[in-house]
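Asker: So here's entry25.cif, just mmCIF, C-alpha atoms:
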```cif
data_structure
loop_
_atom_site.group_PDB
_atom_site.id
_atom_site.type_symbol
_atom_site.label_atom_id
_atom_site.label_comp_id
_atom_site.auth_asym_id
_atom_site.auth_seq_id
_atom_site.Cartn_x
_atom_site.Cartn_y
_atom_site.Cartn_z
ATOM 1 C CA MET A 1 15.994 215.682 114.311
ATOM 2 C CA THR A 2 18.109 218.747 113.740
ATOM 3 C CA ASP A 3 16.242 221.886 112.813
ATOM 4 C CA MET A 4 16.599 222.496 109.092
ATOM 5 C CA LYS A 5 16.422 226.102 107.928
ATOM 6 C CA ALA A 6 15.497 227.290 104.476
ATOM 7 C CA GLU A 7 18.616 228.238 102.611
ATOM 8 C CA HIS A 8 17.578 230.309 99.664
ATOM 9 C CA ASP A 9 18.273 233.668 98.157
ATOM 10 C CA GLY A 10 16.001 236.549 98.876
ATOM 11 C CA ASP A 11 13.544 235.474 101.512
ATOM 12 C CA GLY A 12 13.538 239.214 102.154
ATOM 13 C CA GLY A 13 10.891 239.316 99.415
ATOM 14 C CA LEU A 14 8.577 237.290 101.632
ATOM 15 C CA PRO A 15 6.427 238.823 104.359
ATOM 16 C CA VAL A 16 8.198 238.649 107.742
ATOM 17 C CA GLU A 17 5.824 235.927 108.971
ATOM 18 C CA LEU A 18 7.163 233.657 106.193
ATOM 19 C CA ARG A 19 10.882 234.299 106.665
ATOM 20 C CA GLY A 20 13.365 231.905 108.228
ATOM 21 C CA MET A 21 11.315 228.739 107.707
ATOM 22 C CA ARG A 22 12.625 225.728 109.552
ATOM 23 C CA ILE A 23 11.449 222.174 110.127
ATOM 24 C CA VAL A 24 11.110 220.947 113.713
ATOM 25 C CA PRO A 25 9.476 217.922 115.356
ATOM 26 C CA MET A 26 5.682 218.283 115.461
ATOM 27 C CA SER A 27 4.318 218.551 118.995
ATOM 28 C CA ALA A 28 0.768 217.769 120.078
ATOM 29 C CA ALA A 29 0.244 221.533 120.460
ATOM 30 C CA HIS A 30 1.304 222.071 116.829
ATOM 31 C CA ALA A 31 -1.055 219.299 115.712
ATOM 32 C CA GLU A 32 -3.954 220.778 117.659
ATOM 33 C CA ALA A 33 -3.340 224.204 116.112
ATOM 34 C CA ILE A 34 -3.260 222.717 112.586
ATOM 35 C CA CYS A 35 -6.676 221.150 113.209
ATOM 36 C CA SER A 36 -8.096 224.631 113.805
ATOM 37 C CA TRP A 37 -6.931 225.964 110.420
ATOM 38 C CA ARG A 38 -9.771 226.551 107.946
ATOM 39 C CA TYR A 39 -9.191 226.970 104.226
ATOM 40 C CA PRO A 40 -11.682 228.776 101.965
ATOM 41 C CA PRO A 41 -13.375 226.899 99.096
ATOM 42 C CA PRO A 42 -12.246 225.099 97.007
ATOM 43 C CA TYR A 43 -9.324 224.401 99.361
ATOM 44 C CA ASP A 44 -11.639 223.603 102.301
ATOM 45 C CA ARG A 45 -11.306 219.930 101.383
ATOM 46 C CA PHE A 46 -7.876 220.151 103.067
ATOM 47 C CA ASN A 47 -9.348 221.047 106.472
ATOM 48 C CA TRP A 48 -8.562 218.479 109.167
ATOM 49 C CA PRO A 49 -11.169 217.148 111.616
ATOM 50 C CA SER A 50 -11.121 218.541 115.159
ATOM 51 C CA TRP A 51 -8.118 217.717 117.334
ATOM 52 C CA GLU A 52 -10.434 215.828 119.674
ATOM 53 C CA GLU A 53 -11.508 213.522 116.834
ATOM 54 C CA MET A 54 -7.987 213.189 115.377
ATOM 55 C CA SER A 55 -6.432 212.217 118.708
ATOM 56 C CA ALA A 56 -9.338 210.001 119.880
ATOM 57 C CA ARG A 57 -9.330 208.026 116.616
ATOM 58 C CA GLY A 58 -5.545 208.113 116.078
ATOM 59 C CA ILE A 59 -5.957 209.733 112.647
ATOM 60 C CA GLU A 60 -2.705 210.810 110.963
ATOM 61 C CA PHE A 61 -0.822 213.191 113.283
ATOM 62 C CA GLY A 62 -3.406 212.448 115.991
ATOM 63 C CA ASP A 63 -1.501 209.171 116.418
ATOM 64 C CA PRO A 64 1.614 209.969 118.511
ATOM 65 C CA TRP A 65 3.772 207.398 116.679
ATOM 66 C CA LEU A 66 2.792 208.692 113.206
ATOM 67 C CA ARG A 67 3.273 212.281 114.372
ATOM 68 C CA GLU A 68 6.779 211.472 115.594
ATOM 69 C CA THR A 69 7.887 209.359 112.615
ATOM 70 C CA GLN A 70 6.188 211.043 109.644
ATOM 71 C CA TYR A 71 5.191 214.598 110.534
ATOM 72 C CA ALA A 72 7.093 217.803 111.208
ATOM 73 C CA ALA A 73 6.085 221.370 111.953
ATOM 74 C CA VAL A 74 7.345 224.377 110.006
ATOM 75 C CA LEU A 75 8.130 227.459 112.075
ATOM 76 C CA ASN A 76 9.151 230.956 111.004
ATOM 77 C CA VAL A 77 11.826 233.289 112.325
ATOM 78 C CA ARG A 78 9.440 234.280 115.162
ATOM 79 C CA ASP A 79 8.897 230.611 116.165
ATOM 80 C CA GLU A 80 5.290 230.792 114.913
ATOM 81 C CA LEU A 81 3.699 227.692 113.375
ATOM 82 C CA ILE A 82 3.246 228.413 109.664
ATOM 83 C CA GLY A 83 3.019 224.954 108.104
ATOM 84 C CA TYR A 84 3.606 221.237 108.337
ATOM 85 C CA VAL A 85 5.143 218.433 106.319
ATOM 86 C CA GLN A 86 4.465 214.710 106.132
ATOM 87 C CA PHE A 87 7.324 212.424 105.059
ATOM 88 C CA PHE A 88 5.415 209.307 103.978
ATOM 89 C CA PRO A 89 7.714 206.309 103.365
ATOM 90 C CA LEU A 90 7.144 204.176 100.281
ATOM 91 C CA LEU A 91 9.536 201.685 98.670
ATOM 92 C CA LYS A 92 12.610 203.790 97.733
ATOM 93 C CA VAL A 93 10.390 206.910 97.676
ATOM 94 C CA THR A 94 9.512 209.532 100.253
ATOM 95 C CA ARG A 95 6.123 211.061 99.429
ATOM 96 C CA LEU A 96 5.579 214.559 100.758
ATOM 97 C CA GLY A 97 2.386 215.995 102.164
ATOM 98 C CA LEU A 98 2.422 219.743 102.771
ATOM 99 C CA GLY A 99 0.264 222.346 104.431
ATOM 100 C CA LEU A 100 0.653 226.090 104.835
ATOM 101 C CA ARG A 101 -1.393 228.118 107.320
ATOM 102 C CA PRO A 102 -4.447 229.399 105.371
ATOM 103 C CA ASP A 103 -3.809 233.108 105.956
ATOM 104 C CA LEU A 104 -0.329 232.705 104.449
ATOM 105 C CA CYS A 105 -1.373 230.960 101.211
ATOM 106 C CA GLY A 106 -0.858 232.873 97.987
ATOM 107 C CA LYS A 107 2.001 234.994 99.382
ATOM 108 C CA GLY A 108 4.882 233.247 97.629
ATOM 109 C CA ALA A 109 5.957 230.831 100.356
ATOM 110 C CA GLY A 110 4.782 227.587 98.747
ATOM 111 C CA ALA A 111 7.914 227.027 96.682
ATOM 112 C CA VAL A 112 10.202 227.808 99.629
ATOM 113 C CA LEU A 113 8.298 225.430 101.909
ATOM 114 C CA THR A 114 8.248 222.706 99.242
ATOM 115 C CA ARG A 115 11.988 222.906 98.508
ATOM 116 C CA LEU A 116 12.760 222.914 102.243
ATOM 117 C CA ALA A 117 10.624 219.785 102.682
ATOM 118 C CA ALA A 118 12.206 218.029 99.671
ATOM 119 C CA GLU A 119 15.732 218.722 100.904
ATOM 120 C CA GLU A 120 14.823 217.481 104.398
ATOM 121 C CA ALA A 121 13.361 214.305 102.834
ATOM 122 C CA LEU A 122 16.645 213.704 101.000
ATOM 123 C CA ARG A 123 18.589 214.306 104.215
ATOM 124 C CA ARG A 124 16.415 211.778 106.079
ATOM 125 C CA SER A 125 16.493 209.139 103.318
ATOM 126 C CA PRO A 126 19.392 209.903 100.962
ATOM 127 C CA GLY A 127 18.712 207.023 98.555
ATOM 128 C CA ASP A 128 15.027 207.786 98.112
ATOM 129 C CA GLU A 129 13.292 209.613 95.321
ATOM 130 C CA VAL A 130 11.059 212.432 96.593
ATOM 131 C CA ASP A 131 7.593 212.890 95.136
ATOM 132 C CA LEU A 132 4.169 214.262 95.951
ATOM 133 C CA GLU A 133 0.611 213.999 94.714
ATOM 134 C CA VAL A 134 -1.474 217.031 93.826
ATOM 135 C CA LEU A 135 -5.042 217.330 92.603
ATOM 136 C CA ALA A 136 -4.891 218.212 88.904
ATOM 137 C CA TRP A 137 -7.147 221.268 89.397
ATOM 138 C CA ASN A 138 -4.868 222.803 92.061
ATOM 139 C CA THR A 139 -2.854 225.051 89.759
ATOM 140 C CA ARG A 140 -1.702 227.294 92.633
ATOM 141 C CA ALA A 141 0.058 224.334 94.293
ATOM 142 C CA ILE A 142 1.360 222.956 90.981
ATOM 143 C CA ARG A 143 3.075 226.297 90.205
ATOM 144 C CA ALA A 144 4.706 226.338 93.648
ATOM 145 C CA TYR A 145 5.910 222.746 93.256
ATOM 146 C CA GLU A 146 7.377 223.479 89.823
ATOM 147 C CA LYS A 147 9.220 226.526 91.204
ATOM 148 C CA ALA A 148 10.628 224.267 93.937
ATOM 149 C CA GLY A 149 12.062 221.823 91.373
ATOM 150 C CA PHE A 150 9.295 219.242 90.948
ATOM 151 C CA VAL A 151 8.312 217.945 87.510
ATOM 152 C CA LEU A 152 5.175 216.152 86.369
ATOM 153 C CA ASP A 153 5.753 212.398 86.260
ATOM 154 C CA ASP A 154 2.292 210.834 85.961
ATOM 155 C CA THR A 155 -1.429 211.628 85.952
ATOM 156 C CA TYR A 156 -4.081 209.219 87.171
ATOM 157 C CA CYS A 157 -7.545 208.941 88.644
ATOM 158 C CA ARG A 158 -7.808 208.036 92.307
ATOM 159 C CA GLN A 159 -10.767 207.579 94.622
ATOM 160 C CA THR A 160 -11.223 210.297 97.276
ATOM 161 C CA SER A 161 -13.912 211.075 99.838
ATOM 162 C CA ALA A 162 -15.442 213.347 97.152
ATOM 163 C CA GLY A 163 -15.412 210.566 94.525
ATOM 164 C CA PRO A 164 -12.907 209.800 91.748
ATOM 165 C CA GLU A 165 -10.501 212.658 91.002
ATOM 166 C CA MET A 166 -7.501 213.294 88.769
ATOM 167 C CA PHE A 167 -4.094 213.599 90.416
ATOM 168 C CA HIS A 168 -0.626 214.459 89.206
ATOM 169 C CA CYS A 169 2.402 212.751 90.690
ATOM 170 C CA MET A 170 5.332 215.175 90.682
ATOM 171 C CA VAL A 171 8.959 214.172 91.308
ATOM 172 C CA TYR A 172 11.727 216.351 92.773
ATOM 173 C CA ARG A 173 14.298 217.110 90.076
ATOM 174 C CA PRO A 174 16.038 220.328 91.119
ATOM 175 C CA ALA A 175 17.905 222.117 88.364
ATOM 176 C CA ILE A 176 21.607 221.375 88.403
ATOM 177 C CA PRO A 177 23.579 224.617 88.377
ATOM 178 C CA GLN A 178 25.470 225.012 85.130
ATOM 179 C CA ALA A 179 29.211 225.515 85.311
ATOM 180 C CA PRO A 180 30.349 228.853 83.917
ATOM 181 C CA ASN A 181 31.412 228.706 80.290
ATOM 182 C CA HIS A 182 35.148 229.408 80.603
ATOM 183 C CA PRO A 183 37.549 229.111 77.696
ATOM 184 C CA PHE A 184 40.527 226.939 78.645
#
```
Spell out the structure here as structure tokens.

Answerer:
Amino acid sequence: MTDMKAEHDGDGGLPVELRGMRIVPMSAAHAEAICSWRYPPPYDRFNWPSWEEMSARGIEFGDPWLRETQYAAVLNVRDELIGYVQFFPLLKVTRLGLGLRPDLCGKGAGAVLTRLAAEEALRRSPGDEVDLEVLAWNTRAIRAYEKAGFVLDDTYCRQTSAGPEMFHCMVYRPAIPQAPNHPF
């Protein structure tokens, strides 16, 4: 996979640790680091099990084949791990899963990361629609996804480890730039 860099205006407004985001293959070292991330409540539900458990049981990116085919790491301009993306294949749809390092959440990078991931999904599978699921209560993520060009498509209840919960399905529909209004 070729590294894909964020191409957007004004990443100078982001803290330096969030600038120059790019998607690279996820290594086992990246995966192990992600397992150590700890989110505060109510986002702690997004904490992964230990790397030892993930790799021993072959859970998600603990499985080398899944890590290689579905997961990617997101690095910054300093080559520091700042996030990850899952590109989950469905029938004519690529479903995104996203994670940003906990200490970087709430600093304006969510929309940049999400758009970068959506564009990479389209590059990988040009005929696919790109969507994602988000818990309906997660307004911080929903705002970031909307800024990145996602729109609400559906809302439904789905079983989780915490019991039944409401989810939104959001679909990538980036705004099409309008042509200038020139008199001819």

Asker: How far is it from CA of Leu75 (chain A) to CA of Gly20 (chain A), in Å with one decimal?

Answerer: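 So the two atoms, CA of Leu75 (chain A) and CA of Gly20 (chain A), lie 7.9 Å apart.
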
Asker: Quick one: residues within 8 Å of Ala117 (chain A), all atoms listed in the file counted, chain neighbours fewer than 4 positions away excluded, as a PyMOL selection string?

Answerer: chain A and resi 23+85+96+113+121

Asker: Determine the residue membership of the PyMOL selection byres ((chain A and resi 88) around 12) for the file above and supply it as a PyMOL selection string.

Answerer: chain A and resi 60-61+66-72+85-87+89-98+117-118+121+124-125+128-133

Asker: Produce a file of the selected residues containing C-alpha atoms, as a PDB file, in the coordinates of the input.

Answerer:
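To be explicit, this is the file written out as selection_0.pdb:
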```pdb
ATOM      1  CA  GLU A  60      -2.705 210.810 110.963  1.00  0.00           C
ATOM      2  CA  PHE A  61      -0.822 213.191 113.283  1.00  0.00           C
ATOM      3  CA  LEU A  66       2.792 208.692 113.206  1.00  0.00           C
ATOM      4  CA  ARG A  67       3.273 212.281 114.372  1.00  0.00           C
ATOM      5  CA  GLU A  68       6.779 211.472 115.594  1.00  0.00           C
ATOM      6  CA  THR A  69       7.887 209.359 112.615  1.00  0.00           C
ATOM      7  CA  GLN A  70       6.188 211.043 109.644  1.00  0.00           C
ATOM      8  CA  TYR A  71       5.191 214.598 110.534  1.00  0.00           C
ATOM      9  CA  ALA A  72       7.093 217.803 111.208  1.00  0.00           C
ATOM     10  CA  VAL A  85       5.143 218.433 106.319  1.00  0.00           C
ATOM     11  CA  GLN A  86       4.465 214.710 106.132  1.00  0.00           C
ATOM     12  CA  PHE A  87       7.324 212.424 105.059  1.00  0.00           C
ATOM     13  CA  PRO A  89       7.714 206.309 103.365  1.00  0.00           C
ATOM     14  CA  LEU A  90       7.144 204.176 100.281  1.00  0.00           C
ATOM     15  CA  LEU A  91       9.536 201.685  98.670  1.00  0.00           C
ATOM     16  CA  LYS A  92      12.610 203.790  97.733  1.00  0.00           C
ATOM     17  CA  VAL A  93      10.390 206.910  97.676  1.00  0.00           C
ATOM     18  CA  THR A  94       9.512 209.532 100.253  1.00  0.00           C
ATOM     19  CA  ARG A  95       6.123 211.061  99.429  1.00  0.00           C
ATOM     20  CA  LEU A  96       5.579 214.559 100.758  1.00  0.00           C
ATOM     21  CA  GLY A  97       2.386 215.995 102.164  1.00  0.00           C
ATOM     22  CA  LEU A  98       2.422 219.743 102.771  1.00  0.00           C
ATOM     23  CA  ALA A 117      10.624 219.785 102.682  1.00  0.00           C
ATOM     24  CA  ALA A 118      12.206 218.029  99.671  1.00  0.00           C
ATOM     25  CA  ALA A 121      13.361 214.305 102.834  1.00  0.00           C
ATOM     26  CA  ARG A 124      16.415 211.778 106.079  1.00  0.00           C
ATOM     27  CA  SER A 125      16.493 209.139 103.318  1.00  0.00           C
ATOM     28  CA  ASP A 128      15.027 207.786  98.112  1.00  0.00           C
ATOM     29  CA  GLU A 129      13.292 209.613  95.321  1.00  0.00           C
ATOM     30  CA  VAL A 130      11.059 212.432  96.593  1.00  0.00           C
ATOM     31  CA  ASP A 131       7.593 212.890  95.136  1.00  0.00           C
ATOM     32  CA  LEU A 132       4.169 214.262  95.951  1.00  0.00           C
ATOM     33  CA  GLU A 133       0.611 213.999  94.714  1.00  0.00           C
TER      34      GLU A 133
END
```

Asker: For the PyMOL selection byres ((chain A and resi 38) around 12), applied here, can you spell out every residue it catches as number ranges by chain?

Answerer: A: 33-37, 39-50, 99-105

Asker: I need the residue nearest Glu165 (chain A) from this list: A:Ala136, A:Ile142, A:Glu17, A:Glu53. Use only C-alpha atoms for the distance.

Answerer: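 Among A:Ala136, A:Ile142, A:Glu17, A:Glu53, it is A:Ala136 that comes nearest to Glu165 (chain A).
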
Asker: Between CA of Leu81 (chain A) and CA of Ala111 (chain A), what is the distance, to one decimal in Å?

Answerer: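 Taking CA of Leu81 (chain A) as the start and CA of Ala111 (chain A) as the end point, the length is 17.2 Å.
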
Asker: To one decimal in Å, tell me the separation between CA of His30 (chain A) and CA of Ser161 (chain A).

Answerer: 25.3 Å

Asker: When the PyMOL selection byres ((chain A and resi 77) around 6) is applied to the structure above, which residues does it catch, written out as a PyMOL selection string?

Answerer: chain A and resi 19-20+76+78-79

Asker: Go through A:Leu152, A:Leu14, A:Ala73, A:Ile59 one by one, measure the shortest atom-to-atom distance of each to Ala29 (chain A) using all atoms listed in the file, and give the residue with the smallest value.

Answerer: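 Ranking A:Leu152, A:Leu14, A:Ala73, A:Ile59 by distance to Ala29 (chain A), first place goes to A:Ala73.
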
Asker: Identify which of the residues A:Pro126, A:Phe150, A:Leu135, A:Ala144 lies closest to Pro164 (chain A), counting all atoms listed in the file when measuring atom-to-atom distances.

Answerer: A:Leu135

Asker: Would you please work out which residue, of A:Cys169, A:Ala141, A:Ala148, A:Val74, is nearest to Thr114 (chain A) when using all atoms listed in the file?

Answerer: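 Ranked by minimum distance to Thr114 (chain A), first place goes to A:Ala148.
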
Asker: Show me, as a ChimeraX atom specification, the residues that have an atom within 9 Å of Gly62 (chain A) when counting only C-alpha atoms, minus same-chain residues fewer than 4 positions from it.

Answerer: /A:28,31-32,51-58,66-67

Asker: Compare A:Asp154, A:Ala175, A:Met21, A:Thr139 by their minimum atom-to-atom distance to Val112 (chain A), counting all atoms listed in the file, and give me the closest one.

Answerer: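 Among A:Asp154, A:Ala175, A:Met21, A:Thr139, it is A:Met21 that comes nearest to Val112 (chain A).
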